[in-house]
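*Asks:* Before I ask anything, here is the structure I am working with.
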Amino acid sequence: MDIINVNSHNEMLGHISNDKKAYLLLFKKGSDASECALKNIQSVNNTSEKVEIMVADVNNVRDIHPNYPVTSVPSLLEFSNGQFVNLYKGCNDGQYYKSIFENTVFEVKGGEEKPQKNVVVYSTPSCSWCNTLKKYLDEHKIRYRNVDVSTNQKMAEEMVKKSGQQGVPQTLINGEIIVGFDRPRINRLLGIKA
């Protein structure tokens with residue numbers, strides 16, 4: 001995987017015009033969340049198939065984000081055949097980015113699909129129940145943002161503030177917190193038919 005610094009919207013367009021799939025990470029140097037996203041994307045550098053990734057620091061490049069629905073950084077923009085197709089916000093773990101680059105993340109495309117609920121999973125890499133929960137959500141094609149609280153102190157504090165507990169996994173579904181892998185409650189909140 002190549003990581004290319006771009007300095008303008010026109011330069012970015014030059015990179016995506018001939019590619020079937022291309023990605024651009026808009027980040028802000030010095031921001032914890034942005035540095036986390038950049039580090040985790042770089043961590044899949046040698047494990048993903050040939051994927052072109054561009055990065056642009058919004059401190060220096062100001063003409064890209066106004067052209068897309070970007071309201072915060074870090075934001076990963078996905079392009080297919082030169083067209084913008086998707087946006088992934090925040091810092092996610094390397095496995096999440098790898099699944100995006102390998103095209104295994106479920107995308108809701110119009111039609112009669114129910115709107116996706118906002119799902120955040122607070123986890124740590126060594127937690128077996130965390131991995132079981134994420135696998136369960138993946139199997140049911142539920143998109144979620146994974147937050148590794150072992151490397152993100154601010155998010156760990158936010159998690160404890162919401163639930164009053166330090167244990168993981170914890171799942172936030174449209175503002176409602178679930179401690180542990182409570183399958184019946186997760187199914188009910190996400191409309192999963194068990």
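Going through the structure tokens in order, the chains are called A, B, and so on, while each chain numbers its residues from 1 and the ligands are numbered from 1 in the order shown.
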List as a list in words the protein and nucleic acid residues near region 85-95 of chain A, meaning an atom at most 6 Å away when only C-alpha atoms are counted, but skip any in the same chain fewer than 5 places from it.
*Replies:*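 Listing them by chain and then by number gives Ala33, Cys36, Ala37, Asn40, Ile41, Pro74, Ser75, Leu76, Leu77, Glu78, Phe79 and Asn146 of chain A.
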*Asks:* Can you write out the residues you just picked, keeping N, CA and C atoms, as a CSV table (one decimal), in the first residue's frame?
*Replies:*
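Result file is selection-v8.csv:
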```csv
chain,number,residue,atom,x,y,z
A,33,ALA,N,-6.7,12.2,17.9
A,33,ALA,CA,-7.5,11.3,17.1
A,33,ALA,C,-7.0,11.2,15.7
A,36,CYS,N,-3.8,9.1,15.7
A,36,CYS,CA,-4.3,7.7,15.9
A,36,CYS,C,-4.7,7.0,14.6
A,37,ALA,N,-5.6,7.8,13.8
A,37,ALA,CA,-6.1,7.3,12.5
A,37,ALA,C,-4.9,7.0,11.6
A,40,ASN,N,-2.8,4.0,12.6
A,40,ASN,CA,-3.5,2.7,12.4
A,40,ASN,C,-3.6,2.4,10.9
A,41,ILE,N,-3.8,3.4,10.1
A,41,ILE,CA,-3.8,3.2,8.6
A,41,ILE,C,-2.4,2.7,8.2
A,74,PRO,N,-10.3,13.2,12.2
A,74,PRO,CA,-9.9,12.5,11.0
A,74,PRO,C,-11.2,12.0,10.2
A,75,SER,N,-11.1,12.0,8.9
A,75,SER,CA,-12.1,11.5,8.0
A,75,SER,C,-11.5,10.8,6.9
A,76,LEU,N,-11.8,9.5,6.6
A,76,LEU,CA,-11.3,8.8,5.5
A,76,LEU,C,-12.4,8.8,4.4
A,77,LEU,N,-12.0,9.3,3.3
A,77,LEU,CA,-12.9,9.4,2.1
A,77,LEU,C,-12.6,8.3,1.2
A,78,GLU,N,-13.6,7.6,0.7
A,78,GLU,CA,-13.4,6.5,-0.3
A,78,GLU,C,-13.9,6.9,-1.6
A,79,PHE,N,-13.1,6.6,-2.7
A,79,PHE,CA,-13.5,7.0,-4.0
A,79,PHE,C,-13.4,5.7,-4.9
A,146,ASN,N,-14.9,1.1,16.2
A,146,ASN,CA,-14.2,0.5,17.2
A,146,ASN,C,-13.3,1.5,17.9
```
*Asks:* Compile the contact shell of Val147 (chain A) as a list in words: residues with an atom at most 9 Å away, counting only C-alpha atoms, same-chain residues fewer than 4 positions apart removed.
*Replies:*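 Here the qualifying residues turn out to be Cys91, Asn92, Asp93, Val120, Val121, Tyr122, Ser123, Thr124, Thr151, Asn152, Met155 and Ala156 of chain A.
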*Asks:* Those same residues, written as a PDB file, in the first residue's frame with N, CA and C atoms?
*Replies:*
```
ATOM      1  N   CYS A  91     -11.045   7.855  14.579  1.00  0.00           N
ATOM      2  CA  CYS A  91      -9.939   6.911  14.607  1.00  0.00           C
ATOM      3  C   CYS A  91     -10.497   5.521  14.834  1.00  0.00           C
ATOM      4  N   ASN A  92     -10.161   4.614  13.975  1.00  0.00           N
ATOM      5  CA  ASN A  92     -10.577   3.220  14.112  1.00  0.00           C
ATOM      6  C   ASN A  92      -9.325   2.363  14.177  1.00  0.00           C
ATOM      7  N   ASP A  93      -9.476   1.119  14.622  1.00  0.00           N
ATOM      8  CA  ASP A  93      -8.280   0.284  14.733  1.00  0.00           C
ATOM      9  C   ASP A  93      -7.838  -0.204  13.354  1.00  0.00           C
ATOM     10  N   VAL A 120     -20.934   2.296  18.624  1.00  0.00           N
ATOM     11  CA  VAL A 120     -19.528   2.428  19.009  1.00  0.00           C
ATOM     12  C   VAL A 120     -19.198   1.266  19.936  1.00  0.00           C
ATOM     13  N   VAL A 121     -18.111   0.560  19.647  1.00  0.00           N
ATOM     14  CA  VAL A 121     -17.654  -0.538  20.497  1.00  0.00           C
ATOM     15  C   VAL A 121     -16.367  -0.093  21.183  1.00  0.00           C
ATOM     16  N   TYR A 122     -16.393  -0.095  22.506  1.00  0.00           N
ATOM     17  CA  TYR A 122     -15.195   0.191  23.298  1.00  0.00           C
ATOM     18  C   TYR A 122     -14.547  -1.161  23.606  1.00  0.00           C
ATOM     19  N   SER A 123     -13.283  -1.323  23.233  1.00  0.00           N
ATOM     20  CA  SER A 123     -12.655  -2.630  23.371  1.00  0.00           C
ATOM     21  C   SER A 123     -11.156  -2.484  23.601  1.00  0.00           C
ATOM     22  N   THR A 124     -10.512  -3.636  23.814  1.00  0.00           N
ATOM     23  CA  THR A 124      -9.057  -3.706  23.847  1.00  0.00           C
ATOM     24  C   THR A 124      -8.656  -4.900  22.973  1.00  0.00           C
ATOM     25  N   THR A 151      -5.356   2.327  24.172  1.00  0.00           N
ATOM     26  CA  THR A 151      -4.438   3.309  23.596  1.00  0.00           C
ATOM     27  C   THR A 151      -5.021   4.717  23.565  1.00  0.00           C
ATOM     28  N   ASN A 152      -6.266   4.868  23.991  1.00  0.00           N
ATOM     29  CA  ASN A 152      -6.919   6.180  23.914  1.00  0.00           C
ATOM     30  C   ASN A 152      -7.509   6.523  25.283  1.00  0.00           C
ATOM     31  N   MET A 155     -10.874   8.487  25.411  1.00  0.00           N
ATOM     32  CA  MET A 155     -12.057   7.675  25.129  1.00  0.00           C
ATOM     33  C   MET A 155     -12.343   6.692  26.274  1.00  0.00           C
ATOM     34  N   ALA A 156     -11.284   6.212  26.930  1.00  0.00           N
ATOM     35  CA  ALA A 156     -11.468   5.322  28.087  1.00  0.00           C
ATOM     36  C   ALA A 156     -12.208   6.065  29.198  1.00  0.00           C
TER      37      ALA A 156
END
```
*Asks:* Point out the residue among A:Ser43, A:His65, A:Pro169, A:Gln153 with the least atom-to-atom distance to Lys98 (chain A), counting only C-alpha atoms.
*Replies:* A:Ser43
*Asks:* Report the distance between CA of Leu190 (chain A) and CA of Leu137 (chain A) in Å, rounded to one decimal place.
*Replies:*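 Computing the Euclidean distance for CA of Leu190 (chain A) and CA of Leu137 (chain A) yields 9.7 Å.
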*Asks:* Give me every alpha helix (DSSP H) residue in region 9-81 of chain A, going by DSSP on the backbone, as a ChimeraX atom specification.
*Replies:* /A:9-16,32-43
*Asks:* Go ahead and write the selection's residues with C-alpha atoms as a tab-separated table (two decimals), in the first residue's frame.
*Replies:*
```tsv
chain	number	residue	atom	x	y	z
A	9	HIS	CA	-7.85	19.16	-4.34
A	10	ASN	CA	-6.59	19.17	-7.93
A	11	GLU	CA	-3.62	16.99	-6.98
A	12	MET	CA	-5.98	14.56	-5.23
A	13	LEU	CA	-8.27	14.43	-8.29
A	14	GLY	CA	-5.25	13.53	-10.40
A	15	HIS	CA	-4.62	10.50	-8.23
A	16	ILE	CA	-8.19	9.20	-8.13
A	32	ASP	CA	-4.67	12.77	19.08
A	33	ALA	CA	-7.55	11.29	17.06
A	34	SER	CA	-5.91	12.23	13.75
A	35	GLU	CA	-2.51	10.85	14.75
A	36	CYS	CA	-4.27	7.66	15.90
A	37	ALA	CA	-6.06	7.25	12.54
A	38	LEU	CA	-2.85	7.88	10.58
A	39	LYS	CA	-0.86	5.42	12.71
A	40	ASN	CA	-3.52	2.71	12.38
A	41	ILE	CA	-3.77	3.16	8.61
A	42	GLN	CA	0.01	2.95	8.34
A	43	SER	CA	-0.10	-0.26	10.44
```
*Asks:* From the list A:Asn60, A:Ser128, A:Gln170, A:Gln83, which residue is nearest Asp182 (chain A) when using only C-alpha atoms?
*Replies:*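 For Asp182 (chain A), the nearest of the candidates is A:Gln170.
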*Asks:* In Å to one decimal, how far is CA of Ser150 (chain A) from CA of Gly30 (chain A)?
*Replies:*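 Those two atoms sit 19.7 Å apart.
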*Asks:* Go through region 1-150 of chain A and collect every residue that DSSP, computed from the backbone, puts in strand (DSSP E or B); the answer should be as a PyMOL selection string.
*Replies:* chain A and resi 2-5+21-27+52-57+75-80+83-89+119-123+145-148
*Asks:* Output C-alpha atoms for every residue in that selection, as an mmCIF file, in the first residue's frame.
*Replies:*
```
data_model
loop_
_atom_site.group_PDB
_atom_site.id
_atom_site.type_symbol
_atom_site.label_atom_id
_atom_site.label_comp_id
_atom_site.auth_asym_id
_atom_site.auth_seq_id
_atom_site.Cartn_x
_atom_site.Cartn_y
_atom_site.Cartn_z
ATOM 1 C CA ASP A 2 1.364 3.398 -0.971
ATOM 2 C CA ILE A 3 0.734 6.453 1.198
ATOM 3 C CA ILE A 4 0.902 9.686 -0.767
ATOM 4 C CA ASN A 5 0.841 13.227 0.639
ATOM 5 C CA LYS A 21 -10.454 2.409 -5.545
ATOM 6 C CA ALA A 22 -8.639 5.211 -3.762
ATOM 7 C CA TYR A 23 -8.761 6.625 -0.245
ATOM 8 C CA LEU A 24 -7.923 9.993 1.266
ATOM 9 C CA LEU A 25 -7.351 10.553 4.979
ATOM 10 C CA LEU A 26 -8.031 14.128 6.006
ATOM 11 C CA PHE A 27 -6.292 14.664 9.326
ATOM 12 C CA GLU A 52 -3.456 3.746 -2.892
ATOM 13 C CA ILE A 53 -3.932 5.901 0.179
ATOM 14 C CA MET A 54 -3.573 9.655 0.135
ATOM 15 C CA VAL A 55 -3.238 11.865 3.193
ATOM 16 C CA ALA A 56 -3.789 15.592 3.568
ATOM 17 C CA ASP A 57 -3.212 17.703 6.680
ATOM 18 C CA SER A 75 -12.147 11.462 8.042
ATOM 19 C CA LEU A 76 -11.313 8.766 5.518
ATOM 20 C CA LEU A 77 -12.892 9.402 2.106
ATOM 21 C CA GLU A 78 -13.415 6.501 -0.271
ATOM 22 C CA PHE A 79 -13.455 6.951 -4.045
ATOM 23 C CA SER A 80 -14.429 4.443 -6.706
ATOM 24 C CA GLN A 83 -16.254 9.296 -7.691
ATOM 25 C CA PHE A 84 -16.730 9.906 -3.952
ATOM 26 C CA VAL A 85 -18.657 6.952 -2.465
ATOM 27 C CA ASN A 86 -18.209 6.842 1.308
ATOM 28 C CA LEU A 87 -16.882 8.567 4.425
ATOM 29 C CA TYR A 88 -15.475 6.936 7.584
ATOM 30 C CA LYS A 89 -15.057 9.239 10.586
ATOM 31 C CA VAL A 119 -22.796 2.018 17.103
ATOM 32 C CA VAL A 120 -19.528 2.428 19.009
ATOM 33 C CA VAL A 121 -17.654 -0.538 20.497
ATOM 34 C CA TYR A 122 -15.195 0.191 23.298
ATOM 35 C CA SER A 123 -12.655 -2.630 23.371
ATOM 36 C CA ARG A 145 -16.770 2.364 15.162
ATOM 37 C CA ASN A 146 -14.238 0.487 17.241
ATOM 38 C CA VAL A 147 -12.434 2.425 19.972
ATOM 39 C CA ASP A 148 -9.343 0.809 21.485
#
```
*Asks:* Would you work out the distance separating CA of Asp138 (chain A) from CA of Asn174 (chain A), expressed in Å to one decimal?
*Replies:*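 These atoms are spaced 17.8 Å apart.
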*Asks:* Choose the residue, out of A:Arg62, A:Arg143, A:Lys134, A:Lys20, that has the smallest atom-to-atom separation from Ile100 (chain A); count only C-alpha atoms.
*Replies:*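 Among A:Arg62, A:Arg143, A:Lys134, A:Lys20, it is A:Arg143 that comes nearest to Ile100 (chain A).
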*Asks:* Which residue gives the smallest distance to Gly180 (chain A) among A:Val149, A:Leu133, A:Val160, A:Ile192, with only C-alpha atoms counted?
*Replies:* A:Leu133
*Asks:* For a quick check of understanding, using only C-alpha atoms, which of A:Lys162, A:Lys154, A:Lys29, A:Lys135 has the smallest distance to Val179 (chain A)?
*Replies:*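 Result for the nearest residue to Val179 (chain A): A:Lys162.
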